[in-house]
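**Student:** What follows is target_17.tsv, TSV, C-alpha atoms.
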```
chain	number	residue	atom	x	y	z
A	22	MET	CA	115.33	6.20	-55.85
A	23	LYS	CA	112.24	4.04	-55.43
A	24	GLU	CA	112.76	0.37	-54.65
A	25	GLN	CA	111.51	-1.96	-57.36
A	26	GLY	CA	109.28	-4.94	-56.59
A	27	ARG	CA	108.37	-3.95	-53.05
A	28	ASP	CA	104.76	-3.25	-52.07
A	29	PRO	CA	104.61	-0.30	-49.67
A	30	HIS	CA	101.13	-1.38	-48.58
A	31	ALA	CA	101.91	-5.05	-47.95
A	32	GLU	CA	100.68	-4.97	-44.33
A	33	LEU	CA	97.41	-3.37	-45.38
A	34	THR	CA	96.91	-5.89	-48.18
A	35	THR	CA	97.55	-8.73	-45.73
A	36	ALA	CA	95.02	-7.26	-43.26
A	37	ILE	CA	92.37	-7.05	-45.99
A	38	ILE	CA	92.93	-10.65	-47.08
A	39	GLU	CA	92.92	-11.93	-43.49
A	40	THR	CA	89.68	-10.09	-42.72
A	41	PHE	CA	87.72	-10.75	-45.91
A	42	GLY	CA	89.44	-13.68	-47.61
A	43	PRO	CA	89.93	-13.69	-51.37
A	44	PRO	CA	88.32	-10.82	-53.28
A	45	THR	CA	84.71	-11.42	-54.31
A	46	ALA	CA	81.90	-9.31	-55.70
A	47	ALA	CA	80.23	-9.30	-52.26
A	48	THR	CA	83.19	-7.51	-50.68
A	49	GLY	CA	82.66	-3.88	-51.59
A	50	THR	CA	84.97	-0.92	-51.25
A	51	ARG	CA	82.73	0.79	-48.71
A	52	ARG	CA	82.57	-2.30	-46.52
A	53	ILE	CA	86.33	-2.84	-46.62
A	54	HIS	CA	87.02	0.82	-45.78
A	55	THR	CA	84.53	0.83	-42.89
A	56	VAL	CA	85.84	-2.36	-41.30
A	57	LEU	CA	89.50	-1.33	-41.61
A	58	THR	CA	88.74	2.09	-40.12
A	59	ARG	CA	87.02	0.42	-37.16
A	60	GLN	CA	90.09	-1.79	-36.70
A	61	GLY	CA	92.24	1.33	-36.38
A	62	TRP	CA	93.76	1.56	-39.87
A	63	GLN	CA	94.12	4.95	-41.52
A	64	VAL	CA	93.34	4.17	-45.12
A	65	ALA	CA	91.97	6.13	-48.06
A	66	LYS	CA	88.86	4.96	-49.90
A	67	LYS	CA	90.80	4.86	-53.17
A	68	ARG	CA	93.37	2.52	-51.64
A	69	CYS	CA	90.62	0.09	-50.65
A	70	SER	CA	89.28	0.01	-54.17
A	71	ARG	CA	92.60	-1.23	-55.53
```
Would you encode the structure as structure tokens?

**Tutor:**
Amino acid sequence: MKEQGRDPHAELTTAIIETFGPPTAATGTRRIHTVLTRQGWQVAKKRCSR
């Protein structure tokens, strides 16, 4: 059974916030995906858009 209330991507979300700060219009999905990939993360483009 799936655990309720737990984010399976919490580490990734934290890395995005630490790198880019709070979400803004200037922080695009392509930019986030590119930077995270260069940092060594394996992340899908769709995950970055969320």

**Student:** Excluding Leu33 of chain A and its own-chain neighbours fewer than 4 positions away, which residues fall within 10 Å of it when counting only C-alpha atoms? Please give them as a ChimeraX atom specification.

**Tutor:** /A:28-29,37-39,57,62-64,68-69

**Student:** Just checking: using all atoms listed in the file, which residue out of A:Ala36, A:Ala31, A:Ala47, A:Ile53 ends up closest to Ala65 of chain A?

**Tutor:**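 Ranking A:Ala36, A:Ala31, A:Ala47, A:Ile53 by distance to Ala65 of chain A, first place goes to A:Ile53.
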
**Student:** What does the distance from atom CA of Arg59 of chain A to atom CA of Arg27 of chain A come to in Å, to one decimal?

**Tutor:** 27.0 Å

**Student:** What does the distance between atom CA of Thr58 of chain A and atom CA of Gly42 of chain A come to in Å, to one decimal place?

**Tutor:**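 Here the two named atoms are 17.5 Å from each other.
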
**Student:** Would you work out the distance separating atom CA of Lys67 of chain A from atom CA of Thr34 of chain A, expressed in Å to one decimal?

**Tutor:** 13.3 Å

**Student:** Using only the atoms of segment 37-54 of chain A listed in the file, plus 6 Å on each side, state the axis-aligned box centre and edge lengths in Å rounded to one decimal, as lines of an AutoDock Vina configuration file.

**Tutor:**
```
center_x = 86.6
center_y = -6.4
center_z = -49.2
size_x = 24.7
size_y = 26.5
size_z = 25.0
```

**Student:** At a cut-off of 8 Å, using all atoms listed in the file, what residues contact Lys66 of chain A? Leave out same-chain residues fewer than 3 positions from it and give the result as a list of chain:residue names.

**Tutor:**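 Residues near the query, excluding close chain neighbours: A:Thr50, A:Arg51, A:His54, A:Cys69, A:Ser70.
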